[in-house]
file upload.tsv (TSV, C-alpha atoms)
chain	number	residue	atom	x	y	z
A	1148	MET	CA	0.00	0.00	0.00
A	1149	GLN	CA	1.39	3.35	-1.08
A	1150	ALA	CA	0.54	6.73	0.45
A	1151	ILE	CA	1.49	10.39	0.19
A	1152	VAL	CA	1.16	12.51	3.33
A	1153	THR	CA	1.98	16.21	3.15
A	1154	GLY	CA	3.06	18.31	6.12
A	1155	ALA	CA	4.54	15.33	7.97
A	1156	SER	CA	7.32	16.90	10.05
A	1157	ARG	CA	5.06	17.44	13.07
A	1158	GLY	CA	1.50	17.42	14.35
A	1159	LEU	CA	-1.21	15.37	12.72
A	1160	GLY	CA	0.83	14.59	9.61
A	1161	LEU	CA	3.62	13.02	11.66
A	1162	ALA	CA	1.23	11.15	13.95
A	1163	LEU	CA	-0.59	9.65	10.97
A	1164	THR	CA	2.66	8.80	9.19
A	1165	ARG	CA	3.95	6.90	12.20
A	1166	THR	CA	0.73	4.91	12.46
A	1167	LEU	CA	0.61	4.08	8.76
A	1168	ALA	CA	4.25	2.96	8.84
A	1169	GLU	CA	3.45	0.64	11.74
A	1170	ARG	CA	0.64	-0.82	9.64
A	1171	GLY	CA	2.98	-1.63	6.75
A	1172	TRP	CA	2.30	1.28	4.42
A	1173	ARG	CA	5.03	2.70	2.19
A	1174	ILE	CA	4.72	6.47	2.58
A	1175	VAL	CA	6.16	9.48	0.76
A	1176	VAL	CA	6.10	12.55	2.99
A	1177	ASP	CA	7.03	16.20	2.72
A	1178	ALA	CA	7.44	19.40	4.73
A	1179	ARG	CA	8.97	22.78	4.04
A	1180	ASP	CA	11.72	22.31	6.64
A	1181	GLY	CA	13.85	19.47	5.31
A	1182	ASP	CA	15.95	19.11	8.47
A	1183	ALA	CA	12.88	18.90	10.69
A	1184	LEU	CA	11.31	16.38	8.33
A	1185	GLN	CA	14.37	14.16	8.40
A	1186	ARG	CA	14.53	14.29	12.20
A	1187	ALA	CA	10.86	13.39	12.42
A	1188	VAL	CA	10.72	10.44	10.02
A	1189	GLY	CA	14.36	9.41	9.60
A	1190	GLY	CA	13.97	6.35	11.82
A	1191	LEU	CA	10.74	5.09	10.25
A	1192	ASP	CA	10.77	2.11	7.89
A	1193	ARG	CA	9.23	2.48	4.43
A	1194	VAL	CA	9.01	6.28	4.70
A	1195	ILE	CA	10.57	8.42	1.97
A	1196	ALA	CA	11.15	12.11	2.77
A	1197	VAL	CA	10.86	14.61	-0.09
A	1198	PRO	CA	11.31	18.06	1.46
A	1199	GLY	CA	9.75	21.04	-0.24
A	1200	ASP	CA	6.82	23.43	-0.45
A	1201	VAL	CA	3.51	22.05	-1.73
A	1202	ALA	CA	2.95	25.40	-3.45
A	1203	ASP	CA	5.91	24.62	-5.75
A	1204	PRO	CA	4.82	22.72	-8.91
A	1205	ASP	CA	8.23	21.07	-9.32
A	1206	HIS	CA	8.11	19.80	-5.75
A	1207	ARG	CA	4.63	18.38	-6.27
A	1208	ARG	CA	5.82	16.47	-9.33
A	1209	ARG	CA	8.79	15.06	-7.40
A	1210	LEU	CA	6.49	14.03	-4.58
A	1211	VAL	CA	4.13	12.12	-6.86
A	1212	GLU	CA	6.94	10.54	-8.87
A	1213	ALA	CA	8.52	9.24	-5.65
A	1214	ALA	CA	5.24	7.49	-4.84
A	1215	GLY	CA	5.26	5.50	-8.07
A	1216	ASP	CA	2.58	4.48	-10.54
A	1217	SER	CA	0.01	3.03	-8.13
A	1218	ILE	CA	-1.10	5.18	-5.18
A	1219	ASP	CA	-3.68	4.10	-2.63
A	1220	LEU	CA	-3.88	7.18	-0.42
A	1221	LEU	CA	-3.24	10.93	-0.62
A	1222	VAL	CA	-3.51	12.96	2.58
A	1223	ASN	CA	-3.45	16.71	1.97
A	1224	ASN	CA	-2.48	17.77	5.47
A	1225	ALA	CA	0.01	20.59	4.81
A	1226	SER	CA	-1.49	24.02	5.44
A	1227	VAL	CA	-0.71	27.46	6.80
A	1228	LEU	CA	-2.61	29.55	9.31
A	1229	GLY	CA	-1.75	32.96	7.91
A	1230	PRO	CA	-0.73	35.94	10.05
A	1231	SER	CA	-0.49	35.42	13.80
A	1232	PRO	CA	-2.38	36.85	15.56
A	1233	GLN	CA	-5.02	36.49	12.88
A	1234	PRO	CA	-6.50	39.73	11.56
A	1235	VAL	CA	-10.12	40.53	10.86
A	1236	LEU	CA	-11.05	40.25	7.20
A	1237	ALA	CA	-11.42	44.02	6.83
A	1238	GLU	CA	-7.71	44.34	7.59
A	1239	TYR	CA	-6.41	41.08	6.13
A	1240	PRO	CA	-3.31	41.63	3.91
A	1241	LEU	CA	-4.34	40.30	0.53
A	1242	GLU	CA	-0.88	39.00	-0.33
A	1243	GLU	CA	-0.98	36.93	2.83
A	1244	LEU	CA	-4.45	35.69	1.92
A	1245	ARG	CA	-3.25	34.64	-1.52
A	1246	ARG	CA	-0.51	32.60	0.13
A	1247	VAL	CA	-3.04	30.93	2.44
A	1248	TYR	CA	-5.22	29.98	-0.52
A	1249	GLU	CA	-2.22	28.85	-2.57
A	1250	ILE	CA	-1.20	26.33	0.09
A	1251	ASN	CA	-4.56	25.40	1.61
A	1252	VAL	CA	-6.68	25.20	-1.55
A	1253	LEU	CA	-4.75	25.23	-4.81
A	1254	ALA	CA	-1.87	22.97	-3.77
A	1255	PRO	CA	-4.17	20.14	-2.60
A	1256	LEU	CA	-6.16	20.36	-5.83
A	1257	ALA	CA	-2.96	20.37	-7.87
A	1258	LEU	CA	-1.77	17.23	-6.09
A	1259	VAL	CA	-5.10	15.54	-6.75
A	1260	GLN	CA	-4.80	16.41	-10.43
A	1261	LEU	CA	-1.35	14.80	-10.52
A	1262	VAL	CA	-2.24	11.64	-8.62
A	1263	LEU	CA	-5.62	10.87	-10.21
A	1264	PRO	CA	-4.12	8.91	-13.13
A	1265	ARG	CA	-2.05	6.90	-10.63
A	1266	LEU	CA	-4.74	6.17	-8.04
A	1267	ALA	CA	-5.45	2.51	-7.49
A	1268	ASP	CA	-9.01	1.21	-7.60
A	1269	GLY	CA	-10.79	2.24	-4.41
A	1270	ALA	CA	-8.10	4.74	-3.42
A	1271	ARG	CA	-8.74	7.40	-0.79
A	1272	VAL	CA	-8.00	11.12	-0.74
A	1273	LEU	CA	-8.18	12.85	2.65
A	1274	ASN	CA	-8.23	16.63	2.71
A	1275	ILE	CA	-7.79	17.97	6.24
A	1276	THR	CA	-10.26	20.75	6.98
A	1277	SER	CA	-11.42	22.51	10.15
A	1278	ASP	CA	-14.52	23.53	12.06
A	1279	ALA	CA	-13.48	27.06	11.06
A	1280	ALA	CA	-14.68	26.09	7.58
A	1281	VAL	CA	-18.29	26.08	8.78
A	1282	GLU	CA	-18.34	28.29	11.90
A	1283	PRO	CA	-17.96	32.11	11.58
A	1284	TYR	CA	-15.23	32.58	14.18
A	1285	GLU	CA	-13.98	36.15	14.44
A	1286	THR	CA	-10.49	36.64	12.93
A	1287	TRP	CA	-10.57	33.16	11.35
A	1288	GLY	CA	-11.86	34.44	8.00
A	1289	GLY	CA	-8.70	33.79	6.00
A	1290	TYR	CA	-7.92	30.30	7.23
A	1291	GLY	CA	-11.55	29.30	7.65
A	1292	SER	CA	-12.63	30.38	4.18
A	1293	SER	CA	-9.68	28.51	2.65
A	1294	LYS	CA	-10.74	25.34	4.44
A	1295	ALA	CA	-14.35	25.89	3.35
A	1296	ALA	CA	-13.14	26.10	-0.24
A	1297	LEU	CA	-11.13	22.90	0.25
A	1298	ALA	CA	-14.19	21.11	1.62
A	1299	GLN	CA	-16.29	22.14	-1.38
A	1300	ILE	CA	-13.54	21.09	-3.80
A	1301	THR	CA	-13.45	17.73	-2.03
A	1302	ALA	CA	-17.21	17.27	-2.39
A	1303	ILE	CA	-17.12	18.06	-6.10
A	1304	LEU	CA	-14.14	15.76	-6.69
A	1305	GLY	CA	-16.10	12.99	-5.02
A	1306	ALA	CA	-19.07	13.58	-7.31
A	1307	GLU	CA	-16.86	13.71	-10.40
A	1308	ASN	CA	-14.76	10.65	-9.53
A	1309	PRO	CA	-17.03	7.92	-8.11
A	1310	GLY	CA	-14.25	5.33	-8.23
A	1311	VAL	CA	-12.25	7.22	-5.59
A	1312	ARG	CA	-13.36	8.07	-2.04
A	1313	PHE	CA	-12.80	11.76	-1.33
A	1314	TYR	CA	-13.01	12.84	2.30
A	1315	ALA	CA	-12.90	16.32	3.82
A	1316	VAL	CA	-12.22	15.64	7.49
A	1317	ASP	CA	-12.15	17.96	10.48
A	1318	PRO	CA	-9.71	16.51	13.04
A	1319	GLY	CA	-10.89	18.78	15.83
A	1320	ASP	CA	-8.80	20.93	18.17
A	1321	MET	CA	-5.29	19.59	18.70
A	1322	ARG	CA	-2.24	20.58	20.71
A	1323	THR	CA	-0.06	21.54	17.75
A	1324	GLN	CA	2.27	24.35	16.77
A	1325	MET	CA	-0.30	25.76	14.35
A	1326	HIS	CA	-2.95	25.81	17.05
A	1327	GLN	CA	-0.54	27.63	19.34
A	1328	GLU	CA	0.13	30.18	16.60
A	1329	ALA	CA	-3.62	30.74	16.37
A	1330	PHE	CA	-3.70	31.60	20.08
A	1331	PRO	CA	-0.37	33.34	20.73
A	1332	GLY	CA	0.52	33.55	24.39
A	1333	GLU	CA	-2.36	31.32	25.51
A	1334	ASP	CA	-2.09	27.99	27.28
A	1335	ILE	CA	-3.37	25.27	24.95
A	1336	SER	CA	-2.26	22.34	27.11
A	1337	ASP	CA	-5.90	21.30	27.52
A	1338	ARG	CA	-6.15	20.42	23.81
A	1339	PRO	CA	-5.63	16.75	22.98
A	1340	PRO	CA	-2.48	15.66	21.16
A	1341	PRO	CA	-2.83	14.97	17.42
A	1342	GLU	CA	-2.40	11.24	18.02
A	1343	GLU	CA	-5.93	11.16	19.39
A	1344	SER	CA	-7.30	12.19	15.98
A	1345	VAL	CA	-5.56	9.38	14.11
A	1346	PRO	CA	-8.11	6.60	14.88
A	1347	GLY	CA	-10.84	8.63	13.17
A	1348	LEU	CA	-8.68	9.10	10.09
A	1349	LEU	CA	-7.96	5.38	10.01
A	1350	GLN	CA	-11.68	4.67	9.90
A	1351	LEU	CA	-11.86	6.58	6.64
A	1352	ILE	CA	-8.63	5.13	5.26
A	1353	GLU	CA	-9.48	1.52	6.08
A	1354	GLY	CA	-13.28	1.59	6.08
A	1355	HIS	CA	-15.97	1.93	3.45
A	1356	ALA	CA	-17.58	5.29	4.20
A	1357	PRO	CA	-18.81	7.16	1.13
A	1358	SER	CA	-17.14	10.34	-0.04
A	1359	GLY	CA	-18.13	13.32	2.06
A	1360	LEU	CA	-17.42	15.69	4.94
A	1361	TYR	CA	-16.60	14.09	8.30
A	1362	ARG	CA	-15.59	15.07	11.82
A	1363	VAL	CA	-13.13	12.88	13.70
A	1364	ARG	CA	-15.15	13.15	16.91
A	1365	ASP	CA	-18.16	11.64	15.14
A	1366	LEU	CA	-16.11	8.84	13.61
A	1367	VAL	CA	-14.49	7.94	16.92
A	1368	GLY	CA	-17.80	8.14	18.73
A	1369	ALA	CA	-19.39	5.81	16.21
A	1370	SER	CA	-16.78	3.14	16.93
A	1371	THR	CA	-17.16	3.10	20.72
call {"tool": "encode", "arguments": {"input": "upload.tsv", "output": "structure tokens"}}
result
Amino acid sequence: MQAIVTGASRGLGLALTRTLAERGWRIVVDARDGDALQRAVGGLDRVIAVPGDVADPDHRRRLVEAAGDSIDLLVNNASVLGPSPQPVLAEYPLEELRRVYEINVLAPLALVQLVLPRLADGARVLNITSDAAVEPYETWGGYGSSKAALAQITAILGAENPGVRFYAVDPGDMRTQMHQEAFPGEDISDRPPPEESVPGLLQLIEGHAPSGLYRVRDLVGAST
């Protein structure tokens, strides 16, 4: 089984990569910080690190080529928050917003376009979204709207490609660096570690749920 997981140097991407490696997957991973990526996954069997920025077309091609001609799983996990602290939309720097959309929306779609001809029968694509995609949280307009766009893209891809399962999945609040950047100076130690979101993702990766929008807390609750 062959997978691509983006943004795997820390957080949810790393937690999922470790679990998939334990389950025998061969995984190609990336992150912008090549040194951090190597430290994170260097000791894992069957994991190939391809450092780079998902917004870079050449990097995306290298990532897909490293995965080979038959791919069973693409996890578009890499994303950026935008400015920290996050500004209200009326004051949001548009160049920053373009960067958020480039990484959070266009890069995942570009990777899907590249992998579609290589996806094995019954393959899965997981696009990591957020509750900020559906809830109007103040100052979350840039990040949240990008994740809303990603969720809609995922839904349409599922309708257009019935042979592939496309999932937009909200992992819930997690104790990650990005979450800390969203709340600078605040104590986020009460948030669960990203490892607690992995079982919900595995239900989509290994199960038979139809394409759609899911929340990890619902998936985990359904299994208990």
call {"tool": "residues_around", "arguments": {"input": "upload.tsv", "residues": "segment 1353-1370 of chain A", "least_positions_apart": "4", "cutoff": "12 Å", "atoms": "all atoms listed in the file", "output": "VMD selection string"}}
result
chain A and resid 1148 1167 1170 1172 1219 to 1220 1269 to 1278 1280 to 1281 1294 to 1295 1297 to 1321 1339 1341 to 1349
call {"tool": "closest_residue", "arguments": {"input": "upload.tsv", "among": "A:Arg1173, A:Gly1289, A:Arg1165, A:Val1188", "to": "Glu1238 of chain A", "atoms": "all atoms listed in the file"}}
result
A:Gly1289
call {"tool": "residues_around", "arguments": {"input": "upload.tsv", "residues": "Leu1253 of chain A", "least_positions_apart": "6", "cutoff": "12 Å", "atoms": "all atoms listed in the file", "output": "PyMOL selection string"}}
result
chain A and resi 1201-1204+1207+1223+1225-1226+1245-1247+1259-1260+1274+1293-1294+1296-1297+1300-1301
call {"tool": "closest_residue", "arguments": {"input": "upload.tsv", "among": "A:Ala1213, A:Leu1161, A:Ala1279, A:His1206", "to": "Ala1254 of chain A", "atoms": "only C-alpha atoms"}}
result
A:His1206
call {"tool": "closest_residue", "arguments": {"input": "upload.tsv", "among": "A:Leu1266, A:Val1197, A:Leu1351, A:Val1252", "to": "Gly1291 of chain A", "atoms": "only C-alpha atoms"}}
result
A:Val1252
call {"tool": "atom_distance", "arguments": {"input": "upload.tsv", "atom1": "atom CA of Pro1264 of chain A", "atom2": "atom CA of Ile1195 of chain A"}}
result
21.1 Å
call {"tool": "atom_distance", "arguments": {"input": "upload.tsv", "atom1": "atom CA of Leu1256 of chain A", "atom2": "atom CA of Pro1340 of chain A"}}
result
27.6 Å
call {"tool": "atom_distance", "arguments": {"input": "upload.tsv", "atom1": "atom CA of Pro1232 of chain A", "atom2": "atom CA of Tyr1290 of chain A"}}
result
12.0 Å
call {"tool": "residues_around", "arguments": {"input": "upload.tsv", "residues": "Ile1218 of chain A", "least_positions_apart": "4", "cutoff": "8 Å", "atoms": "only C-alpha atoms", "output": "list of chain:residue names"}}
result
A:Met1148, A:Gln1149, A:Ala1150, A:Ile1151, A:Ala1214, A:Val1262, A:Arg1265, A:Leu1266, A:Ala1267, A:Ala1270
call {"tool": "closest_residue", "arguments": {"input": "upload.tsv", "among": "A:Asn1224, A:Thr1286, A:Ser1336, A:Gln1185", "to": "Ile1250 of chain A", "atoms": "all atoms listed in the file"}}
result
A:Asn1224
call {"tool": "closest_residue", "arguments": {"input": "upload.tsv", "among": "A:Gly1171, A:Gly1160, A:Pro1198, A:Pro1331", "to": "Ala1183 of chain A", "atoms": "all atoms listed in the file"}}
result
A:Pro1198
call {"tool": "residues_around", "arguments": {"input": "upload.tsv", "residues": "Asp1182 of chain A", "least_positions_apart": "5", "cutoff": "12 Å", "atoms": "only C-alpha atoms", "output": "PyMOL selection string"}}
result
chain A and resi 1156-1157+1177+1187-1189+1196-1199
call {"tool": "closest_residue", "arguments": {"input": "upload.tsv", "among": "A:Leu1241, A:Val1235, A:Leu1258, A:Val1227", "to": "Arg1179 of chain A", "atoms": "only C-alpha atoms"}}
result
A:Val1227
call {"tool": "decode", "arguments": {"input": "upload.tsv", "residues": "segment 1164-1264 of chain A", "atoms": "C-alpha atoms", "output": "CSV table (one decimal), in the first residue's frame"}}
result
chain,number,residue,atom,x,y,z
A,1164,THR,CA,2.7,8.8,9.2
A,1165,ARG,CA,4.0,6.9,12.2
A,1166,THR,CA,0.7,4.9,12.5
A,1167,LEU,CA,0.6,4.1,8.8
A,1168,ALA,CA,4.2,3.0,8.8
A,1169,GLU,CA,3.5,0.6,11.7
A,1170,ARG,CA,0.6,-0.8,9.6
A,1171,GLY,CA,3.0,-1.6,6.8
A,1172,TRP,CA,2.3,1.3,4.4
A,1173,ARG,CA,5.0,2.7,2.2
A,1174,ILE,CA,4.7,6.5,2.6
A,1175,VAL,CA,6.2,9.5,0.8
A,1176,VAL,CA,6.1,12.6,3.0
A,1177,ASP,CA,7.0,16.2,2.7
A,1178,ALA,CA,7.4,19.4,4.7
A,1179,ARG,CA,9.0,22.8,4.0
A,1180,ASP,CA,11.7,22.3,6.6
A,1181,GLY,CA,13.9,19.5,5.3
A,1182,ASP,CA,15.9,19.1,8.5
A,1183,ALA,CA,12.9,18.9,10.7
A,1184,LEU,CA,11.3,16.4,8.3
A,1185,GLN,CA,14.4,14.2,8.4
A,1186,ARG,CA,14.5,14.3,12.2
A,1187,ALA,CA,10.9,13.4,12.4
A,1188,VAL,CA,10.7,10.4,10.0
A,1189,GLY,CA,14.4,9.4,9.6
A,1190,GLY,CA,14.0,6.3,11.8
A,1191,LEU,CA,10.7,5.1,10.3
A,1192,ASP,CA,10.8,2.1,7.9
A,1193,ARG,CA,9.2,2.5,4.4
A,1194,VAL,CA,9.0,6.3,4.7
A,1195,ILE,CA,10.6,8.4,2.0
A,1196,ALA,CA,11.1,12.1,2.8
A,1197,VAL,CA,10.9,14.6,-0.1
A,1198,PRO,CA,11.3,18.1,1.5
A,1199,GLY,CA,9.7,21.0,-0.2
A,1200,ASP,CA,6.8,23.4,-0.4
A,1201,VAL,CA,3.5,22.1,-1.7
A,1202,ALA,CA,3.0,25.4,-3.4
A,1203,ASP,CA,5.9,24.6,-5.7
A,1204,PRO,CA,4.8,22.7,-8.9
A,1205,ASP,CA,8.2,21.1,-9.3
A,1206,HIS,CA,8.1,19.8,-5.8
A,1207,ARG,CA,4.6,18.4,-6.3
A,1208,ARG,CA,5.8,16.5,-9.3
A,1209,ARG,CA,8.8,15.1,-7.4
A,1210,LEU,CA,6.5,14.0,-4.6
A,1211,VAL,CA,4.1,12.1,-6.9
A,1212,GLU,CA,6.9,10.5,-8.9
A,1213,ALA,CA,8.5,9.2,-5.6
A,1214,ALA,CA,5.2,7.5,-4.8
A,1215,GLY,CA,5.3,5.5,-8.1
A,1216,ASP,CA,2.6,4.5,-10.5
A,1217,SER,CA,0.0,3.0,-8.1
A,1218,ILE,CA,-1.1,5.2,-5.2
A,1219,ASP,CA,-3.7,4.1,-2.6
A,1220,LEU,CA,-3.9,7.2,-0.4
A,1221,LEU,CA,-3.2,10.9,-0.6
A,1222,VAL,CA,-3.5,13.0,2.6
A,1223,ASN,CA,-3.4,16.7,2.0
A,1224,ASN,CA,-2.5,17.8,5.5
A,1225,ALA,CA,0.0,20.6,4.8
A,1226,SER,CA,-1.5,24.0,5.4
A,1227,VAL,CA,-0.7,27.5,6.8
A,1228,LEU,CA,-2.6,29.5,9.3
A,1229,GLY,CA,-1.7,33.0,7.9
A,1230,PRO,CA,-0.7,35.9,10.0
A,1231,SER,CA,-0.5,35.4,13.8
A,1232,PRO,CA,-2.4,36.9,15.6
A,1233,GLN,CA,-5.0,36.5,12.9
A,1234,PRO,CA,-6.5,39.7,11.6
A,1235,VAL,CA,-10.1,40.5,10.9
A,1236,LEU,CA,-11.1,40.2,7.2
A,1237,ALA,CA,-11.4,44.0,6.8
A,1238,GLU,CA,-7.7,44.3,7.6
A,1239,TYR,CA,-6.4,41.1,6.1
A,1240,PRO,CA,-3.3,41.6,3.9
A,1241,LEU,CA,-4.3,40.3,0.5
A,1242,GLU,CA,-0.9,39.0,-0.3
A,1243,GLU,CA,-1.0,36.9,2.8
A,1244,LEU,CA,-4.4,35.7,1.9
A,1245,ARG,CA,-3.2,34.6,-1.5
A,1246,ARG,CA,-0.5,32.6,0.1
A,1247,VAL,CA,-3.0,30.9,2.4
A,1248,TYR,CA,-5.2,30.0,-0.5
A,1249,GLU,CA,-2.2,28.9,-2.6
A,1250,ILE,CA,-1.2,26.3,0.1
A,1251,ASN,CA,-4.6,25.4,1.6
A,1252,VAL,CA,-6.7,25.2,-1.5
A,1253,LEU,CA,-4.8,25.2,-4.8
A,1254,ALA,CA,-1.9,23.0,-3.8
A,1255,PRO,CA,-4.2,20.1,-2.6
A,1256,LEU,CA,-6.2,20.4,-5.8
A,1257,ALA,CA,-3.0,20.4,-7.9
A,1258,LEU,CA,-1.8,17.2,-6.1
A,1259,VAL,CA,-5.1,15.5,-6.7
A,1260,GLN,CA,-4.8,16.4,-10.4
A,1261,LEU,CA,-1.4,14.8,-10.5
A,1262,VAL,CA,-2.2,11.6,-8.6
A,1263,LEU,CA,-5.6,10.9,-10.2
A,1264,PRO,CA,-4.1,8.9,-13.1
